[in-house]
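Source file: protein.cif. Holds: mmCIF, C-alpha atoms.
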```
data_input
#
loop_
_atom_site.group_PDB
_atom_site.id
_atom_site.type_symbol
_atom_site.label_atom_id
_atom_site.label_comp_id
_atom_site.auth_asym_id
_atom_site.auth_seq_id
_atom_site.Cartn_x
_atom_site.Cartn_y
_atom_site.Cartn_z
ATOM 1 C CA MET Q 1 1.003 -48.582 -8.467
ATOM 2 C CA ILE Q 2 2.313 -49.030 -12.014
ATOM 3 C CA GLY Q 3 -0.158 -51.867 -12.489
ATOM 4 C CA VAL Q 4 -3.112 -49.636 -11.602
ATOM 5 C CA PHE Q 5 -2.084 -46.995 -14.143
ATOM 6 C CA LEU Q 6 -1.499 -49.653 -16.814
ATOM 7 C CA TRP Q 7 -4.996 -51.018 -16.182
ATOM 8 C CA ARG Q 8 -6.572 -47.572 -16.506
ATOM 9 C CA TYR Q 9 -4.642 -46.895 -19.717
ATOM 10 C CA TYR Q 10 -5.712 -50.178 -21.273
ATOM 11 C CA HIS Q 11 -9.230 -49.716 -19.951
ATOM 12 C CA ARG Q 12 -9.475 -46.377 -21.763
ATOM 13 C CA HIS Q 13 -7.675 -47.099 -25.021
ATOM 14 C CA HIS Q 14 -8.130 -50.789 -25.808
ATOM 15 C CA GLY Q 15 -11.823 -51.468 -25.622
ATOM 16 C CA ILE Q 16 -12.401 -52.913 -22.151
ATOM 17 C CA ARG Q 17 -15.269 -50.398 -22.000
ATOM 18 C CA LYS Q 18 -16.373 -51.371 -25.467
ATOM 19 C CA LYS Q 19 -19.565 -49.463 -26.238
ATOM 20 C CA ALA Q 20 -20.110 -48.622 -22.563
ATOM 21 C CA SER Q 21 -21.169 -45.182 -21.410
ATOM 22 C CA HIS Q 22 -18.966 -42.836 -19.432
ATOM 23 C CA ASN Q 23 -20.857 -43.644 -16.237
ATOM 24 C CA ASP Q 24 -21.113 -47.404 -16.677
ATOM 25 C CA PRO Q 25 -17.834 -49.346 -16.831
ATOM 26 C CA TYR Q 26 -19.420 -52.359 -18.523
ATOM 27 C CA GLY Q 27 -19.829 -53.042 -22.201
ATOM 28 C CA LEU Q 28 -19.590 -56.457 -23.821
ATOM 29 C CA PHE Q 29 -16.043 -57.348 -22.804
ATOM 30 C CA HIS Q 30 -17.445 -60.181 -20.676
ATOM 31 C CA LEU Q 31 -18.344 -62.154 -23.798
ATOM 32 C CA SER Q 32 -14.680 -62.950 -24.383
ATOM 33 C CA LEU Q 33 -14.317 -64.117 -20.785
ATOM 34 C CA ASN Q 34 -17.180 -66.582 -21.278
ATOM 35 C CA ARG Q 35 -15.544 -68.311 -24.248
ATOM 36 C CA ARG Q 36 -14.008 -71.647 -23.420
ATOM 37 C CA SER Q 37 -10.833 -73.113 -24.843
ATOM 38 C CA GLY Q 38 -11.279 -74.010 -28.495
ATOM 39 C CA GLU Q 39 -14.425 -71.972 -29.064
ATOM 40 C CA ASP Q 40 -14.547 -69.736 -32.144
ATOM 41 C CA GLU Q 41 -13.816 -66.119 -31.197
ATOM 42 C CA ASN Q 42 -16.266 -64.941 -33.855
ATOM 43 C CA GLU Q 43 -19.135 -66.955 -32.379
ATOM 44 C CA THR Q 44 -21.339 -65.878 -29.490
ATOM 45 C CA PRO Q 45 -20.334 -67.773 -26.319
ATOM 46 C CA LYS Q 46 -22.755 -70.258 -24.790
ATOM 47 C CA THR Q 47 -23.031 -68.204 -21.590
ATOM 48 C CA GLU Q 48 -22.753 -64.488 -20.820
ATOM 49 C CA TRP Q 49 -22.077 -64.271 -17.087
ATOM 50 C CA LEU Q 50 -20.946 -60.833 -15.935
ATOM 51 C CA ASN Q 51 -19.786 -61.509 -12.393
ATOM 52 C CA MET Q 52 -16.794 -62.935 -10.561
ATOM 53 C CA GLY Q 53 -18.399 -66.348 -10.203
ATOM 54 C CA TYR Q 54 -18.709 -69.028 -7.551
ATOM 55 C CA TRP Q 55 -15.797 -71.286 -8.360
ATOM 56 C CA LYS Q 56 -15.346 -74.959 -7.608
ATOM 57 C CA LEU Q 57 -12.568 -77.049 -9.060
ATOM 58 C CA ILE Q 58 -14.652 -80.079 -9.985
ATOM 59 C CA GLN Q 59 -12.024 -82.079 -11.813
ATOM 60 C CA THR Q 60 -8.239 -82.102 -11.815
ATOM 61 C CA ALA Q 61 -6.591 -85.236 -13.113
ATOM 62 C CA GLN Q 62 -9.610 -86.051 -15.295
ATOM 63 C CA CYS Q 63 -9.416 -82.599 -16.880
ATOM 64 C CA LYS Q 64 -5.871 -82.714 -18.252
ATOM 65 C CA GLU Q 65 -4.459 -82.723 -21.715
ATOM 66 C CA GLY Q 66 -0.710 -82.736 -22.217
ATOM 67 C CA GLY Q 67 -0.218 -82.053 -18.530
ATOM 68 C CA LYS Q 68 -2.273 -78.846 -18.601
ATOM 69 C CA ILE Q 69 -5.550 -78.328 -16.817
ATOM 70 C CA LEU Q 70 -8.053 -77.295 -19.452
ATOM 71 C CA GLY Q 71 -10.067 -75.071 -17.168
ATOM 72 C CA MET Q 72 -12.055 -74.611 -14.023
ATOM 73 C CA THR Q 73 -15.763 -75.100 -13.634
ATOM 74 C CA MET Q 74 -17.981 -72.313 -12.413
ATOM 75 C CA ARG Q 75 -21.425 -73.095 -11.081
ATOM 76 C CA PRO Q 76 -24.113 -70.842 -9.614
ATOM 77 C CA ASN Q 77 -24.550 -70.830 -5.851
ATOM 78 C CA LEU Q 78 -28.174 -71.868 -5.625
ATOM 79 C CA ASN Q 79 -28.466 -70.450 -2.096
ATOM 80 C CA LEU Q 80 -29.261 -67.247 -3.974
ATOM 81 C CA PHE Q 81 -32.266 -68.906 -5.581
ATOM 82 C CA PRO Q 82 -34.423 -70.280 -2.731
ATOM 83 C CA PRO Q 83 -37.354 -72.616 -3.337
ATOM 84 C CA VAL Q 84 -40.385 -70.480 -4.154
ATOM 85 C CA LEU Q 85 -43.927 -71.003 -5.265
ATOM 86 C CA ILE Q 86 -44.377 -71.261 -9.003
ATOM 87 C CA SER Q 87 -46.564 -68.166 -8.858
ATOM 88 C CA ALA Q 88 -43.898 -66.122 -7.056
ATOM 89 C CA ALA Q 89 -42.861 -62.716 -8.395
ATOM 90 C CA THR Q 90 -39.125 -62.136 -8.732
ATOM 91 C CA VAL Q 91 -37.056 -59.075 -9.683
ATOM 92 C CA ASP Q 92 -33.454 -59.544 -10.871
ATOM 93 C CA VAL Q 93 -31.479 -56.325 -10.338
ATOM 94 C CA GLY Q 94 -28.329 -55.680 -12.388
ATOM 95 C CA HIS Q 95 -28.826 -58.736 -14.612
ATOM 96 C CA GLY Q 96 -26.199 -57.855 -17.225
ATOM 97 C CA THR Q 97 -26.975 -59.348 -20.615
ATOM 98 C CA GLY Q 98 -29.475 -61.776 -19.154
ATOM 99 C CA GLU Q 99 -27.655 -64.912 -17.991
ATOM 100 C CA SER Q 100 -29.213 -64.841 -14.514
ATOM 101 C CA LEU Q 101 -32.638 -64.228 -16.080
ATOM 102 C CA ILE Q 102 -32.152 -67.304 -18.243
ATOM 103 C CA LEU Q 103 -31.111 -69.319 -15.167
ATOM 104 C CA LEU Q 104 -34.280 -68.257 -13.356
ATOM 105 C CA LEU Q 105 -36.360 -69.400 -16.319
ATOM 106 C CA THR Q 106 -34.591 -72.661 -17.157
ATOM 107 C CA HIS Q 107 -32.573 -74.137 -14.264
ATOM 108 C CA THR Q 108 -34.143 -77.356 -13.005
ATOM 109 C CA SER Q 109 -33.343 -76.517 -9.365
ATOM 110 C CA VAL Q 110 -35.072 -73.132 -9.510
ATOM 111 C CA PRO Q 111 -38.881 -73.231 -9.833
ATOM 112 C CA ARG Q 112 -39.948 -70.893 -12.607
ATOM 113 C CA PRO Q 113 -41.494 -67.654 -11.268
ATOM 114 C CA GLY Q 114 -44.935 -66.571 -12.342
ATOM 115 C CA TYR Q 115 -43.690 -63.029 -12.850
ATOM 116 C CA LEU Q 116 -40.095 -62.054 -13.632
ATOM 117 C CA SER Q 117 -38.934 -58.446 -13.655
ATOM 118 C CA GLY Q 118 -35.426 -57.223 -14.374
ATOM 119 C CA ILE Q 119 -33.621 -53.908 -14.359
ATOM 120 C CA THR Q 120 -30.207 -52.812 -15.642
ATOM 121 C CA SER Q 121 -28.770 -49.328 -15.996
ATOM 122 C CA ILE Q 122 -27.116 -50.156 -19.329
ATOM 123 C CA PRO Q 123 -29.354 -49.862 -22.425
ATOM 124 C CA MET Q 124 -27.114 -52.206 -24.415
ATOM 125 C CA HIS Q 125 -27.509 -54.923 -21.792
ATOM 126 C CA HIS Q 126 -31.249 -54.357 -21.654
ATOM 127 C CA GLN Q 127 -31.611 -54.798 -25.408
ATOM 128 C CA ARG Q 128 -29.383 -57.850 -25.508
ATOM 129 C CA SER Q 129 -31.359 -59.444 -22.673
ATOM 130 C CA LEU Q 130 -34.602 -58.884 -24.571
ATOM 131 C CA GLU Q 131 -33.130 -60.559 -27.644
ATOM 132 C CA ARG Q 132 -31.781 -63.526 -25.686
ATOM 133 C CA LEU Q 133 -35.039 -64.143 -23.850
ATOM 134 C CA LYS Q 134 -36.916 -64.443 -27.147
ATOM 135 C CA SER Q 135 -35.517 -67.963 -27.463
ATOM 136 C CA ILE Q 136 -36.771 -69.010 -24.010
ATOM 137 C CA VAL Q 137 -40.152 -70.696 -23.883
ATOM 138 C CA ALA Q 138 -41.796 -69.152 -20.816
ATOM 139 C CA ALA Q 139 -45.520 -69.330 -21.456
ATOM 140 C CA ASP Q 140 -46.332 -69.444 -17.740
ATOM 141 C CA THR Q 141 -44.116 -66.466 -16.831
ATOM 142 C CA LYS Q 142 -44.833 -62.793 -17.415
ATOM 143 C CA ILE Q 143 -41.538 -61.016 -18.133
ATOM 144 C CA THR Q 144 -40.942 -57.266 -17.841
ATOM 145 C CA LEU Q 145 -37.488 -55.716 -18.272
ATOM 146 C CA HIS Q 146 -36.552 -52.126 -17.446
ATOM 147 C CA VAL Q 147 -33.656 -49.712 -18.049
ATOM 148 C CA GLY Q 148 -32.617 -47.487 -15.173
ATOM 149 C CA ASP Q 149 -30.727 -47.075 -11.943
ATOM 150 C CA ALA Q 150 -31.344 -49.878 -9.451
ATOM 151 C CA VAL Q 151 -32.184 -47.242 -6.855
ATOM 152 C CA TYR Q 152 -35.498 -45.469 -7.432
ATOM 153 C CA HIS Q 153 -35.247 -41.673 -7.793
ATOM 154 C CA GLN Q 154 -38.561 -39.841 -7.788
ATOM 155 C CA ASP Q 155 -37.558 -37.153 -10.308
ATOM 156 C CA VAL Q 156 -35.559 -39.408 -12.631
ATOM 157 C CA SER Q 157 -36.789 -43.007 -12.604
ATOM 158 C CA ALA Q 158 -39.479 -44.259 -14.953
ATOM 159 C CA ALA Q 159 -42.982 -44.676 -13.550
ATOM 160 C CA ASN Q 160 -42.758 -48.475 -13.856
ATOM 161 C CA HIS Q 161 -39.512 -48.809 -11.874
ATOM 162 C CA PRO Q 162 -39.673 -52.070 -9.845
ATOM 163 C CA LEU Q 163 -38.861 -50.251 -6.592
ATOM 164 C CA ASP Q 164 -41.238 -47.329 -7.078
ATOM 165 C CA PRO Q 165 -42.921 -47.055 -3.646
ATOM 166 C CA SER Q 166 -46.196 -46.038 -5.263
ATOM 167 C CA SER Q 167 -46.301 -49.171 -7.425
ATOM 168 C CA SER Q 168 -48.910 -51.805 -6.682
ATOM 169 C CA VAL Q 169 -46.474 -54.496 -7.903
ATOM 170 C CA THR Q 170 -44.658 -56.261 -5.075
ATOM 171 C CA PHE Q 171 -42.253 -59.188 -5.057
ATOM 172 C CA ASP Q 172 -41.629 -62.461 -3.278
ATOM 173 C CA ASN Q 173 -37.951 -62.465 -4.232
ATOM 174 C CA ILE Q 174 -35.442 -59.711 -4.997
ATOM 175 C CA LEU Q 175 -32.086 -60.765 -6.403
ATOM 176 C CA ALA Q 176 -28.942 -58.645 -6.842
ATOM 177 C CA LEU Q 177 -25.985 -60.647 -8.139
ATOM 178 C CA ASP Q 178 -22.540 -59.043 -7.850
ATOM 179 C CA CYS Q 179 -23.733 -55.458 -8.259
ATOM 180 C CA ALA Q 180 -25.110 -53.827 -5.083
ATOM 181 C CA TYR Q 181 -21.700 -52.558 -3.944
ATOM 182 C CA HIS Q 182 -21.890 -50.157 -6.926
ATOM 183 C CA PHE Q 183 -25.245 -48.675 -5.920
ATOM 184 C CA GLN Q 184 -25.553 -45.163 -4.513
ATOM 185 C CA SER Q 185 -26.268 -46.207 -2.011
ATOM 186 C CA ARG Q 186 -26.624 -49.872 -1.132
ATOM 187 C CA GLU Q 187 -28.567 -49.037 2.048
ATOM 188 C CA THR Q 188 -31.080 -46.977 0.051
ATOM 189 C CA PHE Q 189 -31.550 -49.927 -2.295
ATOM 190 C CA LEU Q 190 -32.062 -52.295 0.636
ATOM 191 C CA ARG Q 191 -34.665 -49.979 2.193
ATOM 192 C CA GLN Q 192 -36.566 -49.590 -1.068
ATOM 193 C CA SER Q 193 -36.442 -53.346 -1.628
ATOM 194 C CA PHE Q 194 -37.843 -54.016 1.848
ATOM 195 C CA HIS Q 195 -40.917 -51.917 1.089
ATOM 196 C CA GLN Q 196 -41.511 -53.706 -2.230
ATOM 197 C CA LEU Q 197 -41.273 -57.192 -0.732
ATOM 198 C CA ASP Q 198 -44.426 -59.058 0.161
ATOM 199 C CA PRO Q 199 -44.635 -60.233 3.795
ATOM 200 C CA GLY Q 200 -42.509 -63.384 3.891
ATOM 201 C CA GLY Q 201 -40.549 -62.226 0.829
ATOM 202 C CA ARG Q 202 -36.782 -62.575 0.587
ATOM 203 C CA ILE Q 203 -33.894 -60.480 -0.684
ATOM 204 C CA SER Q 204 -30.693 -62.242 -1.779
ATOM 205 C CA LEU Q 205 -27.448 -60.567 -2.751
ATOM 206 C CA ALA Q 206 -24.008 -61.652 -3.875
ATOM 207 C CA ASP Q 207 -22.013 -58.644 -2.743
ATOM 208 C CA ILE Q 208 -18.680 -57.231 -1.590
ATOM 209 C CA CYS Q 209 -17.965 -55.785 1.833
ATOM 210 C CA PHE Q 210 -15.000 -55.990 4.231
ATOM 211 C CA ALA Q 211 -13.781 -58.377 6.893
ATOM 212 C CA ASN Q 212 -12.906 -55.779 9.512
ATOM 213 C CA THR Q 213 -12.141 -52.082 9.130
ATOM 214 C CA PRO Q 214 -12.094 -51.138 5.421
ATOM 215 C CA PRO Q 215 -8.472 -50.906 4.234
ATOM 216 C CA MET Q 216 -7.225 -47.339 4.431
ATOM 217 C CA ASN Q 217 -3.528 -47.636 3.477
ATOM 218 C CA TRP Q 218 -2.352 -45.690 0.430
ATOM 219 C CA LYS Q 219 -2.359 -48.744 -1.859
ATOM 220 C CA ALA Q 220 -5.979 -49.592 -1.059
ATOM 221 C CA ARG Q 221 -7.050 -45.946 -1.507
ATOM 222 C CA LEU Q 222 -5.302 -45.842 -4.884
ATOM 223 C CA VAL Q 223 -6.990 -49.044 -6.046
ATOM 224 C CA ARG Q 224 -10.403 -47.806 -4.852
ATOM 225 C CA ARG Q 225 -9.949 -44.470 -6.604
ATOM 226 C CA PHE Q 226 -8.876 -45.887 -9.954
ATOM 227 C CA LEU Q 227 -10.998 -49.037 -10.109
ATOM 228 C CA LYS Q 228 -13.983 -47.321 -8.466
ATOM 229 C CA LEU Q 229 -15.018 -50.593 -6.859
ATOM 230 C CA MET Q 230 -17.671 -48.963 -4.671
ATOM 231 C CA PRO Q 231 -18.845 -45.647 -3.199
ATOM 232 C CA LYS Q 232 -17.332 -44.843 0.176
ATOM 233 C CA GLU Q 233 -20.628 -45.339 2.018
ATOM 234 C CA ASN Q 234 -20.808 -48.954 0.798
ATOM 235 C CA ALA Q 235 -17.416 -49.899 2.266
ATOM 236 C CA ILE Q 236 -18.802 -51.549 5.409
ATOM 237 C CA THR Q 237 -17.831 -54.653 7.342
ATOM 238 C CA ILE Q 238 -19.658 -57.983 7.369
ATOM 239 C CA SER Q 239 -21.123 -57.274 10.801
ATOM 240 C CA GLU Q 240 -22.177 -53.769 9.753
ATOM 241 C CA TYR Q 241 -23.866 -55.291 6.698
ATOM 242 C CA ALA Q 242 -25.907 -57.642 8.882
ATOM 243 C CA ASN Q 243 -26.743 -54.797 11.274
ATOM 244 C CA CYS Q 244 -27.905 -52.654 8.343
ATOM 245 C CA LEU Q 245 -30.320 -55.339 7.149
ATOM 246 C CA GLU Q 246 -31.705 -55.834 10.655
ATOM 247 C CA ARG Q 247 -32.024 -52.084 11.251
ATOM 248 C CA ILE Q 248 -34.134 -51.774 8.096
ATOM 249 C CA GLY Q 249 -36.431 -54.522 9.364
ATOM 250 C CA TYR Q 250 -35.267 -57.737 7.703
ATOM 251 C CA VAL Q 251 -35.441 -60.908 9.791
ATOM 252 C CA ASP Q 252 -33.508 -64.183 9.629
ATOM 253 C CA VAL Q 253 -30.564 -62.174 8.307
ATOM 254 C CA LYS Q 254 -27.535 -64.079 7.058
ATOM 255 C CA VAL Q 255 -24.256 -62.749 5.657
ATOM 256 C CA GLU Q 256 -22.074 -65.670 4.530
ATOM 257 C CA ASP Q 257 -18.444 -65.121 3.566
ATOM 258 C CA ILE Q 258 -17.695 -67.125 0.381
ATOM 259 C CA SER Q 259 -14.518 -65.229 -0.554
ATOM 260 C CA GLU Q 260 -12.398 -68.367 -0.834
ATOM 261 C CA GLU Q 261 -14.807 -69.722 -3.453
ATOM 262 C CA VAL Q 262 -14.728 -66.467 -5.456
ATOM 263 C CA PHE Q 263 -11.529 -64.396 -5.458
ATOM 264 C CA PRO Q 264 -8.850 -67.110 -5.905
ATOM 265 C CA GLY Q 265 -10.798 -68.884 -8.641
ATOM 266 C CA PHE Q 266 -11.617 -65.690 -10.528
ATOM 267 C CA VAL Q 267 -8.059 -64.381 -10.277
ATOM 268 C CA GLY Q 268 -6.709 -67.764 -11.385
ATOM 269 C CA PHE Q 269 -9.053 -67.628 -14.365
ATOM 270 C CA LEU Q 270 -8.020 -64.082 -15.358
ATOM 271 C CA LYS Q 271 -4.244 -64.223 -15.098
ATOM 272 C CA PRO Q 272 -3.522 -66.577 -18.037
ATOM 273 C CA ARG Q 273 -5.651 -64.448 -20.390
ATOM 274 C CA GLY Q 274 -3.064 -61.778 -21.189
ATOM 275 C CA LEU Q 275 -1.131 -58.959 -19.578
ATOM 276 C CA VAL Q 276 -4.007 -56.614 -18.786
ATOM 277 C CA TRP Q 277 -6.040 -59.380 -17.138
ATOM 278 C CA TRP Q 278 -2.958 -60.545 -15.226
ATOM 279 C CA ILE Q 279 -2.559 -56.996 -13.893
ATOM 280 C CA PHE Q 280 -6.229 -56.669 -13.032
ATOM 281 C CA GLY Q 281 -6.250 -60.095 -11.363
ATOM 282 C CA SER Q 282 -3.229 -59.151 -9.271
ATOM 283 C CA ILE Q 283 -4.838 -55.887 -8.161
ATOM 284 C CA LEU Q 284 -8.105 -57.640 -7.328
ATOM 285 C CA TYR Q 285 -6.297 -60.254 -5.246
ATOM 286 C CA SER Q 286 -4.418 -57.498 -3.401
ATOM 287 C CA TYR Q 287 -7.763 -55.921 -2.544
ATOM 288 C CA TYR Q 288 -8.944 -59.288 -1.248
ATOM 289 C CA ALA Q 289 -5.775 -59.650 0.805
ATOM 290 C CA ALA Q 290 -6.380 -56.169 2.228
ATOM 291 C CA GLY Q 291 -9.798 -57.146 3.568
ATOM 292 C CA ALA Q 292 -12.367 -57.196 0.766
ATOM 293 C CA ARG Q 293 -14.837 -60.044 1.224
ATOM 294 C CA PHE Q 294 -17.365 -61.573 -1.160
ATOM 295 C CA VAL Q 295 -20.552 -62.513 0.663
ATOM 296 C CA ILE Q 296 -24.001 -63.912 0.155
ATOM 297 C CA ALA Q 297 -26.400 -61.730 2.127
ATOM 298 C CA SER Q 298 -30.063 -62.468 2.649
ATOM 299 C CA GLY Q 299 -33.020 -61.514 4.762
ATOM 300 C CA TYR Q 300 -36.805 -61.814 4.874
ATOM 301 C CA ARG Q 301 -39.611 -59.388 5.405
ATOM 302 C CA SER Q 302 -41.561 -60.799 8.327
ATOM 303 C CA LYS Q 303 -44.855 -62.447 7.508
ATOM 304 C CA GLU Q 304 -46.385 -60.256 10.212
ATOM 305 C CA SER Q 305 -44.982 -57.110 8.593
ATOM 306 C CA LYS Q 306 -47.464 -54.562 7.249
#
```

What's the structure tokens form of this structure?
Amino acid sequence: MIGVFLWRYYHRHHGIRKKASHNDPYGLFHLSLNRRSGEDENETPKTEWLNMGYWKLIQTAQCKEGGKILGMTMRPNLNLFPPVLISAATVDVGHGTGESLILLLTHTSVPRPGYLSGITSIPMHHQRSLERLKSIVAADTKITLHVGDAVYHQDVSAANHPLDPSSSVTFDNILALDCAYHFQSRETFLRQSFHQLDPGGRISLADICFANTPPMNWKARLVRRFLKLMPKENAITISEYANCLERIGYVDVKVEDISEEVFPGFVGFLKPRGLVWWIFGSILYSYYAAGARFVIASGYRSKESK
């Protein structure tokens, strides 16, 4: 309990929300978490991932200096990025400051899309993504980035919102990396995405749900209230997640639990980085122990769908 209040105090008074709005808990704090040992704190880090990561300890004995492991290696789970036609249209939802956009445009295992759209609710992240993509040579890819809520709202969202049901633009791939559990609501987002997918198109999400019944003890309620991990309606189980996708109309639905490759590695990365991160890491691991699960969820719109 004390740890939760310490986190909220630090969160409010020491810049963890640096330049973030009242409604969005993300600023540019993630830049410091992307810096590796020995890198200049005044220099921009080589990567700008804003997610918990898919962790694999690639090296142990080979990665030691003075008996200390220098660090862990994080790599993207390419199951999120299925083989697609070069001409495919992709939308990256909640892309942060653009690292996943850059991966889609440059990674050798991910064929470059013909059209790449992105949307983030944070204007600062939108602008930074635009600046970062200027250095990417993508002559064969049309790129359009938007600012707004991931969920389309008729009276609020811009006319060119990727999930606007009246839009003639549809997608072969929709990607939401470590963000959909924040949406109000996730199911609304999944329904809107289904209607904007081309027949045969795929949605892929790295997301958080729960192993069984969502934890309801007082500690879990306190953590949920103060960390605001997700709206209540998004706190569903793995099986309920799969059922939701199927109920909407997705086929070949898969919800893969990769928690062991996410939570322990991320917590182990955070704890040595100072008191506030040690506290946050401990709280996050407690949530994991109480039933939170990190999953890769995917489904297709049937080729016969109209």

Given 8 Å of margin on each side, can you work out the centre and size in Å (one decimal) of an axis-aligned box holding every listed atom of region 175-191 of chain Q, as lines of an AutoDock Vina configuration file?
```
center_x = -28.2
center_y = -53.0
center_z = -3.0
size_x = 29.0
size_y = 31.6
size_z = 26.5
```

Selection near region 268-270 of chain Q, 9 Å with all atoms listed in the file, sequence-local residues under 2 positions removed, as a PDB file with C-alpha atoms, keeping the file's coordinate frame:
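Output contents, as saved in out.pdb:
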```
ATOM      1  CA  LEU Q  33     -14.317 -64.117 -20.785  1.00  0.00           C
ATOM      2  CA  GLY Q  71     -10.067 -75.071 -17.168  1.00  0.00           C
ATOM      3  CA  MET Q  72     -12.055 -74.611 -14.023  1.00  0.00           C
ATOM      4  CA  PHE Q 263     -11.529 -64.396  -5.458  1.00  0.00           C
ATOM      5  CA  PRO Q 264      -8.850 -67.110  -5.905  1.00  0.00           C
ATOM      6  CA  GLY Q 265     -10.798 -68.884  -8.641  1.00  0.00           C
ATOM      7  CA  PHE Q 266     -11.617 -65.690 -10.528  1.00  0.00           C
ATOM      8  CA  PRO Q 272      -3.522 -66.577 -18.037  1.00  0.00           C
ATOM      9  CA  ARG Q 273      -5.651 -64.448 -20.390  1.00  0.00           C
ATOM     10  CA  GLY Q 274      -3.064 -61.778 -21.189  1.00  0.00           C
ATOM     11  CA  TRP Q 277      -6.040 -59.380 -17.138  1.00  0.00           C
ATOM     12  CA  TRP Q 278      -2.958 -60.545 -15.226  1.00  0.00           C
ATOM     13  CA  PHE Q 280      -6.229 -56.669 -13.032  1.00  0.00           C
ATOM     14  CA  GLY Q 281      -6.250 -60.095 -11.363  1.00  0.00           C
TER      15      GLY Q 281
END
```

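What the PyMOL selection byres ((chain Q and resi 196) around 7) matches in the given file is Leu163, Pro165, Thr170, Phe171, Gln192, Ser193, Phe194, His195, Leu197 and Asp198 of chain Q.
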
- Which distance in Å separates CA of Glu256 (chain Q) and CA of Ile296 (chain Q), to one decimal?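 CA of Glu256 (chain Q) sits 5.1 Å away from CA of Ile296 (chain Q).
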
- Message: When the PyMOL selection byres ((chain Q and resi 291) around 6) is applied to the structure above, which residues does it catch, written out as a list in words?
- Response: Phe210, Ala211, Tyr288, Ala289, Ala290 and Ala292 of chain Q

Would you put the residues from that selection into a file with C-alpha atoms, as a tab-separated table (two decimals), in the frame of the given file?
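Written out: result.tsv:
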```tsv
chain	number	residue	atom	x	y	z
Q	210	PHE	CA	-15.00	-55.99	4.23
Q	211	ALA	CA	-13.78	-58.38	6.89
Q	288	TYR	CA	-8.94	-59.29	-1.25
Q	289	ALA	CA	-5.78	-59.65	0.80
Q	290	ALA	CA	-6.38	-56.17	2.23
Q	292	ALA	CA	-12.37	-57.20	0.77
```

- Expansion of the PyMOL selection byres ((chain Q and resi 139-152) around 9) into residues, as a VMD selection string: chain Q and resid 87 93 to 94 105 112 to 123 125 to 126 129 to 130 137 to 138 153 to 154 156 to 158 160 to 165 180 183 to 186 188 to 189 192

- Item | Selection near Leu245 (chain Q), 9 Å with only C-alpha atoms, sequence-local residues under 5 positions removed, as a PyMOL selection string | chain Q and resi 187+190-191+240+250-251+253+298-299

- Atom pair CA of Cys179 (chain Q) + CA of Asn243 (chain Q), distance 19.8 Å

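Closest approach to Met124 (chain Q) among Q:Ile136, Q:His95, Q:Thr108, Q:Ala89 is made by Q:His95 (distances from all atoms listed in the file).
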
- One decimal, Å: what's the distance from CA of Thr237 (chain Q) over to CA of Val91 (chain Q), could you say? 26.1 Å

- From Q:Tyr181, Q:Asp257, Q:Gly98, Q:Leu103, residue lying nearest Ser239 (chain Q) [all atoms listed in the file]: Q:Asp257

- Message: I'd like the contact shell of Ser204 (chain Q) - 8 Å cut-off, all atoms listed in the file, skipping same-chain residues fewer than 4 positions apart - returned as a ChimeraX atom specification.
- Response: /Q:80-81,173-176,296-299

- Item | Pick from Q:Val110, Q:Gly96, Q:Pro199, Q:His182 nearest to Gln127 (chain Q), counting all atoms listed in the file |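 When distances to Gln127 (chain Q) are compared using all atoms listed in the file, the smallest one comes from Q:Gly96.
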